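First the structure, in the form of structure tokens, and then the observations on it.
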Amino acid sequence: MPDQPPILSNVPDSFPWGVLTRRHPDLIATVRRLVPYPPEVQGALDELRDMDTIPPLPAGARDRAAWQVWSAAYVGQKWLDVPFLWAESYFYRLLLEATGYFGSGPWAGVDPFAPQKSAELDSPDLARDLENLGDLVGAPEQDGLSAALTAALWGNRADLGFRMSDPSAQDRSQVDDLVADDSAELWRLLDGGTENRVHLVADNAGRELVADLVLIDRLLETGRAATVVLHLKPQPYYVSDATVTDLLQVLRRLEAAGGAACGIAGRLGTAIGDGRVRVRAHAFWCTPLTFHEMPSDLVAELGGASVVVVKGDLNYRRLVGDAHWEPTTTFRDLTAYFPAPLVALRTLKSDVAVGVDPDRLAHLEATTPGWRTDGTHAVIHVRP
Ligand SMILES: O=P(O)(O)OC[C@H]1O[C@](O)(CO)[C@@H](O)[C@@H]1O
């Protein structure tokens with residue numbers, strides 16, 4: 001990664017400080033409220049909440065050796081004094097440890113965030129989205145593609161972790177005028193003339209994954225993609241990150257909705273069955289590393305893509321590096337290392353900002369102090 005100090009969380013009232021000191025304890029309280037864990041798990045969660053100093057993973061944890069390498073510089077330090085990106089990732093790893101997710105007991109494999117994810121699938125907002133899918137599927141080709149891309153972009157705006165700490169986030173109006181919009185470049189890359197291989201690195205379950213699946217369906221149906229690889233998380237992460245279990249739930253929800261939604265679920269089920277859509281869940285996606293450190297098998301796999309679509313705020317931070325970049329630094333320069341043509345669809349929900357035109361930046365700074373973190377602004381960045 002280019003030489004730039006990482007963002008830490010030790011500036012009182014800064015965005016990362018709020019995540020570690022407020023959002024994480026709130027999250028633990030929510031998990032305790034929604035899942036009837038036994039006393040020993042509740043005790044372990046309380047311990048995590050009250051922990052001031054970073055502990056190692058316990059002996060016997062299956063990925064202990066890997067984390068020993070990633071955490072060598074940080075174990076024993078205060079949470080607020082280590083890189084924000086690393087601290088959040090390790091917090092979620094410890095939360096799974098506390099709930100027994102990787103253990104051999106009855107709570108093994110139980111997603112602590114499942115109740116929140118399910119509630120989103122039952123929400124009236126999602127029901128409305130699904131009812132409107134007929135218009136999108138029936139629209140002229142490019143209109144349908146553009147609408148699906150927009151939905152996939154804004155589906156990322158209020159993930160469950162974000163909404164928990166900022167309940168009004170969902171109701172704030174989005175600023176449709178994107179901070180950067182390279183979408184024309186994306187459609188040029190996927191011009192339909194060749195057998196395109198698209199990879200989509202997903203972010204959240206629920207409404208966002210629904211929108212991602214609609215986009216995948218449109219790409220396949222219009223011939224813009226011959227095949228799609230959908231990258232999901234191998235385990236629960238950052239509250240709402242999508243796993244294979246979440247994918248199956250979303251497909252069931254689409255089926256149950258009937259109409260166009262059910263048609264999409266049917267086509268995707270067929271495409272998964274005949275190999276046009278492949279589902280992957282690489283361990284790298286749940287590591288605290290930036291994408292500069294992708295392992296060679298993943299680099300090789302992504303390197304064969306016509307386009308890699310990377311969703312969300314966390315993935316964006318991992319793409320460019322979680323640092324206080326000068327916002328006019330170009331996305332292309334920072335992602336020059338990436339092994340394939342790249343598209344980032346991101347609603348801004350953390351301090352990192354790059355690829356912003358100087359005039360737009362001056363206007364944003366003067367008029368909208370929270371533009372980097374309040375979920376109302378978004379970018380579509382392309383590095384061909
Ligand atoms: O689901 P997304 O878009 O990756 O957003 C998750 C974001 O939430 C946070 O955990 C806190 O806002 C960020 O640090 C992170 O980038």
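Just so we're on the same page: first chain in the structure tokens is A, next is B, and so on; residues restart at 1 for each chain, and ligands are numbered from 1 in the order they show up.
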
Residue neighbourhood Arg32 of chain A, 12 Å, only C-alpha atoms, exclusion window fewer than 5 positions, as a PyMOL selection string = chain A and resi 25-27+37-46+49+95+98-99+112-113+115

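Residues of segment 64-271 of chain A assigned to strand (DSSP E) by DSSP on this structure's backbone: A:Ala180, A:Asp181, A:Arg197, A:Val198, A:His199, A:Leu200, A:Val201, A:Thr227, A:Val228, A:Val229, A:Leu230, A:His231.
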
Please, could you write that set of residues out with N, CA, C and O atoms as a short mmCIF file (atom, residue, chain, number, x, y, z; two decimals), in the first residue's frame?
data_model
loop_
_atom_site.label_atom_id
_atom_site.label_comp_id
_atom_site.auth_asym_id
_atom_site.auth_seq_id
_atom_site.Cartn_x
_atom_site.Cartn_y
_atom_site.Cartn_z
N ALA A 180 -18.88 11.19 -7.62
CA ALA A 180 -18.13 10.84 -8.84
C ALA A 180 -18.94 9.76 -9.53
O ALA A 180 -19.47 8.85 -8.88
N ASP A 181 -19.07 9.86 -10.85
CA ASP A 181 -19.88 8.88 -11.57
C ASP A 181 -19.19 8.46 -12.88
O ASP A 181 -19.27 9.16 -13.88
N ARG A 197 -16.70 -11.85 -18.34
CA ARG A 197 -16.70 -12.55 -17.06
C ARG A 197 -16.71 -11.49 -15.96
O ARG A 197 -15.71 -10.79 -15.77
N VAL A 198 -17.83 -11.37 -15.28
CA VAL A 198 -17.97 -10.34 -14.24
C VAL A 198 -17.82 -10.98 -12.87
O VAL A 198 -18.38 -12.06 -12.62
N HIS A 199 -17.06 -10.34 -12.01
CA HIS A 199 -17.00 -10.76 -10.61
C HIS A 199 -17.67 -9.66 -9.78
O HIS A 199 -17.42 -8.48 -10.02
N LEU A 200 -18.50 -10.06 -8.83
CA LEU A 200 -19.12 -9.07 -7.93
C LEU A 200 -18.73 -9.41 -6.50
O LEU A 200 -19.06 -10.50 -6.01
N VAL A 201 -18.00 -8.50 -5.87
CA VAL A 201 -17.58 -8.71 -4.48
C VAL A 201 -18.65 -8.05 -3.62
O VAL A 201 -18.72 -6.82 -3.51
N THR A 227 -20.75 -14.89 -17.74
CA THR A 227 -20.69 -15.58 -16.44
C THR A 227 -20.47 -14.54 -15.35
O THR A 227 -19.94 -13.45 -15.60
N VAL A 228 -20.90 -14.90 -14.14
CA VAL A 228 -20.71 -14.02 -12.98
C VAL A 228 -20.18 -14.85 -11.82
O VAL A 228 -20.67 -15.96 -11.58
N VAL A 229 -19.19 -14.31 -11.13
CA VAL A 229 -18.74 -14.94 -9.87
C VAL A 229 -19.17 -14.01 -8.75
O VAL A 229 -18.85 -12.82 -8.76
N LEU A 230 -19.94 -14.56 -7.83
CA LEU A 230 -20.45 -13.76 -6.70
C LEU A 230 -19.61 -14.11 -5.47
O LEU A 230 -19.63 -15.26 -5.01
N HIS A 231 -18.89 -13.11 -4.96
CA HIS A 231 -18.02 -13.34 -3.79
C HIS A 231 -18.76 -12.93 -2.52
O HIS A 231 -19.13 -11.76 -2.37
#

Could you give me the residues within 10 Å of ligand 1, counting only C-alpha atoms and all ligand atoms, as a PDB file with N, CA, C and O atoms, in the first residue's frame?
ATOM      1  N   PHE A  15     -15.000  10.088  13.753  1.00  0.00           N
ATOM      2  CA  PHE A  15     -15.870   9.006  13.295  1.00  0.00           C
ATOM      3  C   PHE A  15     -15.418   7.642  13.843  1.00  0.00           C
ATOM      4  O   PHE A  15     -16.219   6.923  14.466  1.00  0.00           O
ATOM      5  N   PRO A  16     -14.133   7.262  13.650  1.00  0.00           N
ATOM      6  CA  PRO A  16     -13.742   5.929  14.154  1.00  0.00           C
ATOM      7  C   PRO A  16     -13.829   5.812  15.673  1.00  0.00           C
ATOM      8  O   PRO A  16     -14.175   4.745  16.199  1.00  0.00           O
ATOM      9  N   GLY A  18     -16.100   7.103  17.506  1.00  0.00           N
ATOM     10  CA  GLY A  18     -17.516   6.810  17.768  1.00  0.00           C
ATOM     11  C   GLY A  18     -17.860   5.357  17.486  1.00  0.00           C
ATOM     12  O   GLY A  18     -18.639   4.741  18.213  1.00  0.00           O
ATOM     13  N   VAL A  19     -17.269   4.807  16.428  1.00  0.00           N
ATOM     14  CA  VAL A  19     -17.560   3.401  16.098  1.00  0.00           C
ATOM     15  C   VAL A  19     -17.087   2.495  17.235  1.00  0.00           C
ATOM     16  O   VAL A  19     -17.815   1.627  17.722  1.00  0.00           O
ATOM     17  N   LEU A  20     -15.858   2.722  17.690  1.00  0.00           N
ATOM     18  CA  LEU A  20     -15.310   1.823  18.723  1.00  0.00           C
ATOM     19  C   LEU A  20     -15.929   2.051  20.098  1.00  0.00           C
ATOM     20  O   LEU A  20     -16.183   1.093  20.828  1.00  0.00           O
ATOM     21  N   ARG A  23     -20.619   2.448  18.919  1.00  0.00           N
ATOM     22  CA  ARG A  23     -21.306   1.472  18.066  1.00  0.00           C
ATOM     23  C   ARG A  23     -21.032   0.044  18.535  1.00  0.00           C
ATOM     24  O   ARG A  23     -21.948  -0.775  18.592  1.00  0.00           O
ATOM     25  N   HIS A  24     -19.804  -0.270  18.884  1.00  0.00           N
ATOM     26  CA  HIS A  24     -19.513  -1.651  19.269  1.00  0.00           C
ATOM     27  C   HIS A  24     -20.236  -2.066  20.553  1.00  0.00           C
ATOM     28  O   HIS A  24     -20.856  -3.147  20.580  1.00  0.00           O
ATOM     29  N   PHE A  84      -7.754   1.679  12.641  1.00  0.00           N
ATOM     30  CA  PHE A  84      -9.215   1.513  12.705  1.00  0.00           C
ATOM     31  C   PHE A  84      -9.663   0.283  11.905  1.00  0.00           C
ATOM     32  O   PHE A  84     -10.473  -0.519  12.381  1.00  0.00           O
ATOM     33  N   LEU A  85      -9.127   0.134  10.715  1.00  0.00           N
ATOM     34  CA  LEU A  85      -9.516  -0.990   9.856  1.00  0.00           C
ATOM     35  C   LEU A  85      -9.235  -2.319  10.567  1.00  0.00           C
ATOM     36  O   LEU A  85     -10.071  -3.223  10.593  1.00  0.00           O
ATOM     37  N   ALA A  87      -8.784  -2.774  13.846  1.00  0.00           N
ATOM     38  CA  ALA A  87      -9.528  -2.893  15.108  1.00  0.00           C
ATOM     39  C   ALA A  87     -10.959  -3.377  14.867  1.00  0.00           C
ATOM     40  O   ALA A  87     -11.459  -4.248  15.589  1.00  0.00           O
ATOM     41  N   GLU A  88     -11.609  -2.833  13.832  1.00  0.00           N
ATOM     42  CA  GLU A  88     -12.991  -3.273  13.565  1.00  0.00           C
ATOM     43  C   GLU A  88     -13.015  -4.748  13.179  1.00  0.00           C
ATOM     44  O   GLU A  88     -13.852  -5.507  13.653  1.00  0.00           O
ATOM     45  N   SER A  89     -12.101  -5.144  12.307  1.00  0.00           N
ATOM     46  CA  SER A  89     -12.092  -6.518  11.830  1.00  0.00           C
ATOM     47  C   SER A  89     -11.863  -7.488  13.001  1.00  0.00           C
ATOM     48  O   SER A  89     -12.558  -8.510  13.131  1.00  0.00           O
ATOM     49  N   LEU A 153     -26.040   0.370  -5.977  1.00  0.00           N
ATOM     50  CA  LEU A 153     -25.233   1.408  -5.327  1.00  0.00           C
ATOM     51  C   LEU A 153     -25.901   1.873  -4.036  1.00  0.00           C
ATOM     52  O   LEU A 153     -25.310   1.835  -2.966  1.00  0.00           O
ATOM     53  N   TRP A 154     -27.168   2.282  -4.142  1.00  0.00           N
ATOM     54  CA  TRP A 154     -27.831   2.853  -2.966  1.00  0.00           C
ATOM     55  C   TRP A 154     -28.315   1.791  -1.990  1.00  0.00           C
ATOM     56  O   TRP A 154     -28.616   2.096  -0.834  1.00  0.00           O
ATOM     57  N   GLY A 155     -28.375   0.540  -2.433  1.00  0.00           N
ATOM     58  CA  GLY A 155     -28.692  -0.548  -1.500  1.00  0.00           C
ATOM     59  C   GLY A 155     -27.658  -0.593  -0.389  1.00  0.00           C
ATOM     60  O   GLY A 155     -27.897  -1.100   0.693  1.00  0.00           O
ATOM     61  N   ASN A 156     -26.494  -0.008  -0.674  1.00  0.00           N
ATOM     62  CA  ASN A 156     -25.396  -0.022   0.299  1.00  0.00           C
ATOM     63  C   ASN A 156     -25.496   1.114   1.314  1.00  0.00           C
ATOM     64  O   ASN A 156     -24.701   1.209   2.232  1.00  0.00           O
ATOM     65  N   ARG A 157     -26.519   1.952   1.212  1.00  0.00           N
ATOM     66  CA  ARG A 157     -26.437   3.202   1.979  1.00  0.00           C
ATOM     67  C   ARG A 157     -26.677   3.070   3.476  1.00  0.00           C
ATOM     68  O   ARG A 157     -26.177   3.856   4.260  1.00  0.00           O
ATOM     69  N   ALA A 158     -27.466   2.125   3.870  1.00  0.00           N
ATOM     70  CA  ALA A 158     -27.720   2.040   5.310  1.00  0.00           C
ATOM     71  C   ALA A 158     -27.639   0.591   5.753  1.00  0.00           C
ATOM     72  O   ALA A 158     -28.646  -0.063   5.971  1.00  0.00           O
ATOM     73  N   ASP A 159     -26.414   0.081   5.845  1.00  0.00           N
ATOM     74  CA  ASP A 159     -26.248  -1.279   6.345  1.00  0.00           C
ATOM     75  C   ASP A 159     -26.705  -1.334   7.794  1.00  0.00           C
ATOM     76  O   ASP A 159     -26.876  -0.309   8.444  1.00  0.00           O
ATOM     77  N   LEU A 160     -26.865  -2.543   8.330  1.00  0.00           N
ATOM     78  CA  LEU A 160     -27.470  -2.658   9.655  1.00  0.00           C
ATOM     79  C   LEU A 160     -26.606  -2.044  10.754  1.00  0.00           C
ATOM     80  O   LEU A 160     -27.115  -1.423  11.678  1.00  0.00           O
ATOM     81  N   GLY A 161     -25.275  -2.172  10.646  1.00  0.00           N
ATOM     82  CA  GLY A 161     -24.400  -1.596  11.663  1.00  0.00           C
ATOM     83  C   GLY A 161     -24.538  -0.090  11.678  1.00  0.00           C
ATOM     84  O   GLY A 161     -24.626   0.560  12.732  1.00  0.00           O
ATOM     85  N   PHE A 162     -24.595   0.483  10.513  1.00  0.00           N
ATOM     86  CA  PHE A 162     -24.708   1.929  10.365  1.00  0.00           C
ATOM     87  C   PHE A 162     -26.049   2.411  10.914  1.00  0.00           C
ATOM     88  O   PHE A 162     -26.147   3.385  11.653  1.00  0.00           O
ATOM     89  N   ARG A 163     -27.105   1.685  10.566  1.00  0.00           N
ATOM     90  CA  ARG A 163     -28.443   2.095  10.982  1.00  0.00           C
ATOM     91  C   ARG A 163     -28.632   2.001  12.492  1.00  0.00           C
ATOM     92  O   ARG A 163     -29.346   2.782  13.091  1.00  0.00           O
ATOM     93  N   SER A 165     -26.474   2.627  14.797  1.00  0.00           N
ATOM     94  CA  SER A 165     -25.893   3.747  15.521  1.00  0.00           C
ATOM     95  C   SER A 165     -26.502   5.065  15.046  1.00  0.00           C
ATOM     96  O   SER A 165     -26.319   6.089  15.665  1.00  0.00           O
ATOM     97  N   ASP A 166     -27.230   5.038  13.953  1.00  0.00           N
ATOM     98  CA  ASP A 166     -27.771   6.269  13.397  1.00  0.00           C
ATOM     99  C   ASP A 166     -29.130   5.935  12.786  1.00  0.00           C
ATOM    100  O   ASP A 166     -29.277   5.826  11.572  1.00  0.00           O
ATOM    101  N   ALA A 202     -19.532  -8.887  -3.049  1.00  0.00           N
ATOM    102  CA  ALA A 202     -20.723  -8.379  -2.371  1.00  0.00           C
ATOM    103  C   ALA A 202     -20.367  -7.756  -1.025  1.00  0.00           C
ATOM    104  O   ALA A 202     -19.259  -7.941  -0.500  1.00  0.00           O
ATOM    105  N   ASP A 203     -21.338  -7.035  -0.478  1.00  0.00           N
ATOM    106  CA  ASP A 203     -21.146  -6.436   0.839  1.00  0.00           C
ATOM    107  C   ASP A 203     -22.254  -6.964   1.763  1.00  0.00           C
ATOM    108  O   ASP A 203     -22.105  -8.037   2.331  1.00  0.00           O
ATOM    109  N   ASN A 204     -23.372  -6.254   1.850  1.00  0.00           N
ATOM    110  CA  ASN A 204     -24.374  -6.626   2.850  1.00  0.00           C
ATOM    111  C   ASN A 204     -25.476  -7.527   2.304  1.00  0.00           C
ATOM    112  O   ASN A 204     -25.799  -7.505   1.114  1.00  0.00           O
ATOM    113  N   ALA A 205     -26.081  -8.271   3.262  1.00  0.00           N
ATOM    114  CA  ALA A 205     -27.227  -9.121   2.956  1.00  0.00           C
ATOM    115  C   ALA A 205     -28.480  -8.245   2.800  1.00  0.00           C
ATOM    116  O   ALA A 205     -28.373  -7.034   2.650  1.00  0.00           O
ATOM    117  N   GLU A 208     -29.544  -4.930   0.172  1.00  0.00           N
ATOM    118  CA  GLU A 208     -28.408  -4.715  -0.729  1.00  0.00           C
ATOM    119  C   GLU A 208     -28.156  -5.957  -1.585  1.00  0.00           C
ATOM    120  O   GLU A 208     -27.914  -5.850  -2.793  1.00  0.00           O
ATOM    121  N   TYR A 237     -19.873 -11.139   9.555  1.00  0.00           N
ATOM    122  CA  TYR A 237     -18.832 -10.097   9.627  1.00  0.00           C
ATOM    123  C   TYR A 237     -19.552  -8.763   9.604  1.00  0.00           C
ATOM    124  O   TYR A 237     -20.572  -8.618   8.907  1.00  0.00           O
ATOM    125  N   TYR A 238     -19.075  -7.768  10.294  1.00  0.00           N
ATOM    126  CA  TYR A 238     -19.619  -6.401  10.240  1.00  0.00           C
ATOM    127  C   TYR A 238     -21.149  -6.364  10.225  1.00  0.00           C
ATOM    128  O   TYR A 238     -21.766  -5.684   9.406  1.00  0.00           O
ATOM    129  N   VAL A 239     -21.787  -7.063  11.121  1.00  0.00           N
ATOM    130  CA  VAL A 239     -23.241  -7.161  11.303  1.00  0.00           C
ATOM    131  C   VAL A 239     -23.976  -7.735  10.090  1.00  0.00           C
ATOM    132  O   VAL A 239     -24.577  -8.791  10.178  1.00  0.00           O
ATOM    133  N   SER A 240     -23.947  -7.024   8.963  1.00  0.00           N
ATOM    134  CA  SER A 240     -24.873  -7.471   7.914  1.00  0.00           C
ATOM    135  C   SER A 240     -24.190  -8.055   6.693  1.00  0.00           C
ATOM    136  O   SER A 240     -24.832  -8.263   5.670  1.00  0.00           O
ATOM    137  N   ASP A 241     -22.898  -8.330   6.742  1.00  0.00           N
ATOM    138  CA  ASP A 241     -22.232  -8.856   5.551  1.00  0.00           C
ATOM    139  C   ASP A 241     -22.852 -10.185   5.099  1.00  0.00           C
ATOM    140  O   ASP A 241     -23.207 -11.037   5.916  1.00  0.00           O
ATOM    141  N   ALA A 242     -22.942 -10.329   3.775  1.00  0.00           N
ATOM    142  CA  ALA A 242     -23.691 -11.459   3.220  1.00  0.00           C
ATOM    143  C   ALA A 242     -22.858 -12.737   3.160  1.00  0.00           C
ATOM    144  O   ALA A 242     -21.737 -12.741   2.643  1.00  0.00           O
ATOM    145  N   LYS A 311     -18.331  -3.846  -3.933  1.00  0.00           N
ATOM    146  CA  LYS A 311     -19.417  -3.131  -3.283  1.00  0.00           C
ATOM    147  C   LYS A 311     -19.027  -2.608  -1.898  1.00  0.00           C
ATOM    148  O   LYS A 311     -18.334  -3.288  -1.150  1.00  0.00           O
ATOM    149  N   GLY A 312     -19.521  -1.425  -1.556  1.00  0.00           N
ATOM    150  CA  GLY A 312     -19.568  -1.019  -0.168  1.00  0.00           C
ATOM    151  C   GLY A 312     -18.413  -0.196   0.353  1.00  0.00           C
ATOM    152  O   GLY A 312     -17.385  -0.017  -0.297  1.00  0.00           O
ATOM    153  N   ASP A 313     -18.628   0.278   1.559  1.00  0.00           N
ATOM    154  CA  ASP A 313     -17.681   1.195   2.183  1.00  0.00           C
ATOM    155  C   ASP A 313     -16.431   0.487   2.696  1.00  0.00           C
ATOM    156  O   ASP A 313     -15.303   0.928   2.475  1.00  0.00           O
ATOM    157  N   LEU A 314     -16.639  -0.636   3.371  1.00  0.00           N
ATOM    158  CA  LEU A 314     -15.473  -1.340   3.914  1.00  0.00           C
ATOM    159  C   LEU A 314     -14.566  -1.836   2.789  1.00  0.00           C
ATOM    160  O   LEU A 314     -13.345  -1.669   2.845  1.00  0.00           O
ATOM    161  N   ASN A 315     -15.166  -2.436   1.757  1.00  0.00           N
ATOM    162  CA  ASN A 315     -14.343  -2.909   0.639  1.00  0.00           C
ATOM    163  C   ASN A 315     -13.597  -1.747  -0.012  1.00  0.00           C
ATOM    164  O   ASN A 315     -12.463  -1.905  -0.466  1.00  0.00           O
ATOM    165  N   TYR A 316     -14.238  -0.598  -0.056  1.00  0.00           N
ATOM    166  CA  TYR A 316     -13.594   0.579  -0.652  1.00  0.00           C
ATOM    167  C   TYR A 316     -12.374   0.997   0.178  1.00  0.00           C
ATOM    168  O   TYR A 316     -11.307   1.305  -0.353  1.00  0.00           O
ATOM    169  N   ARG A 317     -12.561   0.999   1.491  1.00  0.00           N
ATOM    170  CA  ARG A 317     -11.424   1.328   2.375  1.00  0.00           C
ATOM    171  C   ARG A 317     -10.275   0.340   2.156  1.00  0.00           C
ATOM    172  O   ARG A 317      -9.101   0.706   2.193  1.00  0.00           O
ATOM    173  N   ARG A 318     -10.628  -0.917   1.948  1.00  0.00           N
ATOM    174  CA  ARG A 318      -9.597  -1.930   1.732  1.00  0.00           C
ATOM    175  C   ARG A 318      -8.970  -1.806   0.342  1.00  0.00           C
ATOM    176  O   ARG A 318      -7.827  -2.195   0.145  1.00  0.00           O
ATOM    177  N   ASP A 322      -6.985   2.519   4.140  1.00  0.00           N
ATOM    178  CA  ASP A 322      -7.791   3.269   5.116  1.00  0.00           C
ATOM    179  C   ASP A 322      -6.959   4.400   5.706  1.00  0.00           C
ATOM    180  O   ASP A 322      -6.420   4.289   6.814  1.00  0.00           O
ATOM    181  N   LEU A 345     -18.686   0.515  -6.206  1.00  0.00           N
ATOM    182  CA  LEU A 345     -19.998   1.117  -5.926  1.00  0.00           C
ATOM    183  C   LEU A 345     -20.052   1.348  -4.426  1.00  0.00           C
ATOM    184  O   LEU A 345     -20.128   0.389  -3.652  1.00  0.00           O
ATOM    185  N   ARG A 346     -20.011   2.608  -4.026  1.00  0.00           N
ATOM    186  CA  ARG A 346     -19.862   2.878  -2.593  1.00  0.00           C
ATOM    187  C   ARG A 346     -20.710   4.056  -2.129  1.00  0.00           C
ATOM    188  O   ARG A 346     -20.653   5.141  -2.705  1.00  0.00           O
ATOM    189  N   THR A 347     -21.499   3.826  -1.092  1.00  0.00           N
ATOM    190  CA  THR A 347     -22.106   4.930  -0.355  1.00  0.00           C
ATOM    191  C   THR A 347     -21.114   5.333   0.714  1.00  0.00           C
ATOM    192  O   THR A 347     -20.593   4.460   1.424  1.00  0.00           O
ATOM    193  N   LEU A 348     -20.829   6.612   0.845  1.00  0.00           N
ATOM    194  CA  LEU A 348     -19.772   7.036   1.778  1.00  0.00           C
ATOM    195  C   LEU A 348     -20.264   6.933   3.225  1.00  0.00           C
ATOM    196  O   LEU A 348     -21.230   7.596   3.615  1.00  0.00           O
ATOM    197  N   LYS A 349     -19.555   6.104   4.022  1.00  0.00           N
ATOM    198  CA  LYS A 349     -19.928   5.913   5.420  1.00  0.00           C
ATOM    199  C   LYS A 349     -18.710   5.877   6.334  1.00  0.00           C
ATOM    200  O   LYS A 349     -18.729   5.245   7.383  1.00  0.00           O
ATOM    201  N   SER A 350     -17.621   6.484   5.885  1.00  0.00           N
ATOM    202  CA  SER A 350     -16.434   6.616   6.732  1.00  0.00           C
ATOM    203  C   SER A 350     -15.573   7.727   6.135  1.00  0.00           C
ATOM    204  O   SER A 350     -15.886   8.248   5.063  1.00  0.00           O
ATOM    205  N   ASP A 351     -14.521   8.100   6.846  1.00  0.00           N
ATOM    206  CA  ASP A 351     -13.777   9.313   6.482  1.00  0.00           C
ATOM    207  C   ASP A 351     -13.048   9.272   5.134  1.00  0.00           C
ATOM    208  O   ASP A 351     -12.761  10.311   4.551  1.00  0.00           O
ATOM    209  N   VAL A 352     -12.725   8.073   4.664  1.00  0.00           N
ATOM    210  CA  VAL A 352     -11.911   7.979   3.449  1.00  0.00           C
ATOM    211  C   VAL A 352     -12.648   8.581   2.248  1.00  0.00           C
ATOM    212  O   VAL A 352     -13.810   8.252   1.996  1.00  0.00           O
ATOM    213  N   THR A 373     -19.509  10.742   5.896  1.00  0.00           N
ATOM    214  CA  THR A 373     -19.896   9.661   6.819  1.00  0.00           C
ATOM    215  C   THR A 373     -21.403   9.452   6.999  1.00  0.00           C
ATOM    216  O   THR A 373     -21.796   8.481   7.643  1.00  0.00           O
ATOM    217  N   ASP A 374     -22.242  10.334   6.473  1.00  0.00           N
ATOM    218  CA  ASP A 374     -23.664  10.208   6.850  1.00  0.00           C
ATOM    219  C   ASP A 374     -24.501   9.362   5.890  1.00  0.00           C
ATOM    220  O   ASP A 374     -25.726   9.278   6.032  1.00  0.00           O
ATOM    221  N   GLY A 375     -23.872   8.745   4.896  1.00  0.00           N
ATOM    222  CA  GLY A 375     -24.595   7.808   4.034  1.00  0.00           C
ATOM    223  C   GLY A 375     -25.476   8.461   2.978  1.00  0.00           C
ATOM    224  O   GLY A 375     -26.266   7.774   2.339  1.00  0.00           O
TER     225      GLY A 375
END

Distance query Pro384 of chain A at most 8 Å, only C-alpha atoms, self and fewer than 2 positions along chain excluded, as JSON, numbers by chain = {"A": [185, 189, 340, 341, 342, 382]}

Please produce, as a Markdown table, a per-residue contact table for segment 77-143 of chain A versus segment 260-283 of chain A (criterion: any atom at most 10 Å away, only C-alpha atoms considered), showing the nearest atom pair and its distance in Å to one decimal, sorted by chain then residue number.
| residue | atom | partner | partner_atom | distance |
| --- | --- | --- | --- | --- |
| A:Asp129 | CA | A:Ala261 | CA | 9.5 |
| A:Leu130 | CA | A:Ala261 | CA | 6.0 |
| A:Glu131 | CA | A:Ala261 | CA | 7.8 |
| A:Asn132 | CA | A:Ala260 | CA | 8.6 |
| A:Leu133 | CA | A:Ala260 | CA | 5.9 |
| A:Gly134 | CA | A:Ala260 | CA | 5.0 |
| A:Asp135 | CA | A:Ala260 | CA | 8.7 |
| A:Leu136 | CA | A:Ala260 | CA | 9.0 |
| A:Val137 | CA | A:Ala260 | CA | 7.1 |
| A:Gly138 | CA | A:Ala260 | CA | 9.0 |

For Val35 of chain A, which residue among A:Gln116, A:Glu97, A:Ala225, A:Gly370 is the nearest when counting only C-alpha atoms?
->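 Among the listed residues, the smallest separation from Val35 of chain A belongs to A:Gln116.
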
Top pick for closest residue to Gly355 of chain A, considering A:Ala184, A:Leu213, A:Ala256, A:Leu178 and counting only C-alpha atoms | A:Leu178

Would you please work out which residue, of A:Asp333, A:Leu254, A:Gly223, A:Pro236, is nearest to Ala211 of chain A when using only C-alpha atoms?
-> A:Leu254
